[in-house]
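> Encoded as structure tokens, here's the structure I'll be asking about.
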Amino acid sequence: MREVTFRIYHAGEPECEVSARHPEVRYRSVSSMTGNGPERKRIAELTGPSAEIEAFVEEFREFDLIVSAEPLAPIEGGHAYVALTIDAEAADWEGIGDRFSRMGIHYRTGTTISGGVERWTAYLEGDDDLSAVMRELERGGNEVELARNVELASIERSPQLPASGLLDDLTDRQREVLATAIAAGYYDHGGGVGVEEVAAELGLGSTTVWEHLSLAESTVMNALFDRFAEGEPVTAARETDRSDLS
């Protein structure tokens, strides 16, 4: 069996359309779609600058198929959970999960969307045709890129998995700020380097740098948690990440 990760721009889907206009907001499904009638519900987690999250939600509501999009608590601190109700009958697109299910392919729940691109991980048997799977995912104008394709056996044996995947969902600016913070010694215990020093290196305001670091840290830690949950070894991850950021 192979673990395959796809990056998918899902044509016509509200999440991707709005995410493309708000690349600093990261969307993550934290519940499955529920409901038997035309209206389906799910909960999503949005992380990013608070103003961008608010703008994301407002634009999201403009789509006809979005019945409601209501934050579960006031949007603050760069983080929000949003309860979504979707009119499935009004949608002119088909869910990626539905396509995997129809093909009999197992996939990981908890899709993330950043910069308009969905990230999906699926598990293919030896006789599954990867090219045919990609063609099915591309149907309807979707843009599909193969991001990762590895044998599960190699995941189970490897004592030191490359950790670059932990950074895949960061924006270019978040990568830059995180790399600068690491190089400046921001994460060195007792080093005395604060947000102000990192901001000075970048020529940005300290509040802006703090927001980027907060989002980058949240994204990386969520990805790391996912790996622990999957049983992937993460030995020497910090060393690998530092080399990737240099």
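We label chains A, B, ... in the order they appear in the structure tokens, count residues from 1 in each chain, and number ligands from 1 in the order shown.
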Can you check which residues of stretch 45-243 of chain A DSSP gives as strand (DSSP E) on the backbone and send them as a ChimeraX atom specification?
/A:45-47,66-71,79-87,106-107,112-114,117-124,143-151
> So that I can see what lies close to stretch 131-145 of chain A, please list as a short mmCIF file (atom, residue, chain, number, x, y, z; two decimals) with N, CA, C and O atoms, in the first residue's frame the residues with an atom at most 7 Å from it, counting only C-alpha atoms and leaving out residues fewer than 2 positions away in the same chain.

```
data_model
loop_
_atom_site.label_atom_id
_atom_site.label_comp_id
_atom_site.auth_asym_id
_atom_site.auth_seq_id
_atom_site.Cartn_x
_atom_site.Cartn_y
_atom_site.Cartn_z
N PHE A 6 -2.05 14.59 -2.28
CA PHE A 6 -2.37 15.42 -3.43
C PHE A 6 -2.60 16.87 -2.98
O PHE A 6 -3.17 17.11 -1.91
N ARG A 7 -2.20 17.80 -3.82
CA ARG A 7 -2.59 19.20 -3.66
C ARG A 7 -3.62 19.48 -4.75
O ARG A 7 -3.35 19.26 -5.93
N ILE A 8 -4.80 19.94 -4.34
CA ILE A 8 -5.91 20.06 -5.29
C ILE A 8 -6.53 21.45 -5.22
O ILE A 8 -6.96 21.89 -4.14
N TYR A 9 -6.55 22.14 -6.37
CA TYR A 9 -7.39 23.33 -6.47
C TYR A 9 -8.74 22.85 -6.95
O TYR A 9 -8.90 22.41 -8.08
N HIS A 10 -9.74 22.93 -6.07
CA HIS A 10 -11.07 22.38 -6.33
C HIS A 10 -11.94 23.45 -6.97
O HIS A 10 -12.47 24.33 -6.29
N ALA A 11 -12.05 23.40 -8.27
CA ALA A 11 -12.75 24.43 -9.04
C ALA A 11 -14.19 24.60 -8.58
O ALA A 11 -14.94 23.63 -8.50
N ILE A 96 -14.24 15.91 -3.03
CA ILE A 96 -13.09 15.04 -3.29
C ILE A 96 -13.23 13.74 -2.49
O ILE A 96 -12.94 12.65 -2.98
N ASP A 129 -4.55 2.31 -9.97
CA ASP A 129 -3.89 3.06 -11.03
C ASP A 129 -3.81 4.53 -10.62
O ASP A 129 -4.82 5.24 -10.65
N ALA A 147 1.96 15.51 -4.47
CA ALA A 147 2.93 16.09 -3.53
C ALA A 147 3.79 15.04 -2.85
O ALA A 147 4.92 15.33 -2.46
#
```
> Could you build a table of the residues in stretch 82-158 of chain A lying no more than 9 Å from stretch 166-171 of chain A, giving for each the nearest pair of atoms and their separation in Å rounded to one decimal place, using only C-alpha atoms, ordered by chain and ascending residue number, as a tab-separated table?

```
residue	atom	partner	partner_atom	distance
A:Thr112	CA	A:Asp169	CA	8.2
A:Ile113	CA	A:Asp169	CA	8.1
A:Ser114	CA	A:Asp169	CA	6.4
A:Gly115	CA	A:Thr171	CA	7.7
A:Arg119	CA	A:Asp169	CA	8.7
```
> What would the file look like if the residues just selected were written as an mmCIF file, in the first residue's frame with all heavy atoms?

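Generated output (result.cif):
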```cif
data_model
loop_
_atom_site.group_PDB
_atom_site.id
_atom_site.type_symbol
_atom_site.label_atom_id
_atom_site.label_comp_id
_atom_site.auth_asym_id
_atom_site.auth_seq_id
_atom_site.Cartn_x
_atom_site.Cartn_y
_atom_site.Cartn_z
ATOM 1 N N THR A 112 -6.998 20.145 4.928
ATOM 2 C CA THR A 112 -6.561 21.524 5.130
ATOM 3 C C THR A 112 -6.554 22.248 3.796
ATOM 4 O O THR A 112 -6.317 21.648 2.743
ATOM 5 C CB THR A 112 -5.155 21.601 5.756
ATOM 6 O OG1 THR A 112 -4.214 20.966 4.877
ATOM 7 C CG2 THR A 112 -5.111 20.913 7.109
ATOM 8 N N ILE A 113 -6.833 23.543 3.841
ATOM 9 C CA ILE A 113 -6.817 24.380 2.634
ATOM 10 C C ILE A 113 -6.016 25.634 2.943
ATOM 11 O O ILE A 113 -6.259 26.311 3.946
ATOM 12 C CB ILE A 113 -8.242 24.772 2.193
ATOM 13 C CG1 ILE A 113 -9.122 23.533 2.018
ATOM 14 C CG2 ILE A 113 -8.195 25.574 0.890
ATOM 15 C CD1 ILE A 113 -10.567 23.848 1.692
ATOM 16 N N SER A 114 -5.059 25.929 2.115
ATOM 17 C CA SER A 114 -4.242 27.123 2.283
ATOM 18 C C SER A 114 -3.903 27.678 0.909
ATOM 19 O O SER A 114 -3.502 26.929 0.009
ATOM 20 C CB SER A 114 -2.945 26.778 3.046
ATOM 21 O OG SER A 114 -2.159 27.924 3.269
ATOM 22 N N GLY A 115 -4.094 28.978 0.729
ATOM 23 C CA GLY A 115 -3.808 29.593 -0.561
ATOM 24 C C GLY A 115 -4.649 29.044 -1.693
ATOM 25 O O GLY A 115 -4.222 29.035 -2.851
ATOM 26 N N ARG A 119 -5.361 19.943 0.607
ATOM 27 C CA ARG A 119 -4.355 18.900 0.783
ATOM 28 C C ARG A 119 -5.062 17.619 1.229
ATOM 29 O O ARG A 119 -5.705 17.589 2.272
ATOM 30 C CB ARG A 119 -3.331 19.340 1.824
ATOM 31 C CG ARG A 119 -2.173 18.380 2.024
ATOM 32 C CD ARG A 119 -1.212 18.949 3.060
ATOM 33 N NE ARG A 119 -0.129 18.031 3.342
ATOM 34 C CZ ARG A 119 0.998 17.951 2.643
ATOM 35 N NH1 ARG A 119 1.188 18.778 1.623
ATOM 36 N NH2 ARG A 119 1.945 17.092 2.961
#
```
> Taking the backbone alone, and naming residues the way the document does, which bits of stretch 3-235 of chain A are helix (DSSP H, G or I) by DSSP, as an NGL selection string?
:A and (14-21 or 50-61 or 88-90 or 96-102 or 130-138 or 152-157 or 164-167 or 172-184 or 195-202 or 206-230)
> With a distance cut-off of 8 Å and only C-alpha atoms, select the neighbouring residues of A:Arg28, excluding the residue or stretch itself and same-chain residues fewer than 4 positions from it, and output the selection as a PyMOL selection string.
chain A and resi 44-46+110-113
> Of the candidates A:Ala83, A:Leu224, A:Leu202, A:Val177, which one gets nearest to A:Ile66 if we count only C-alpha atoms?
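So, comparing all the options, the nearest one is A:Ala83.
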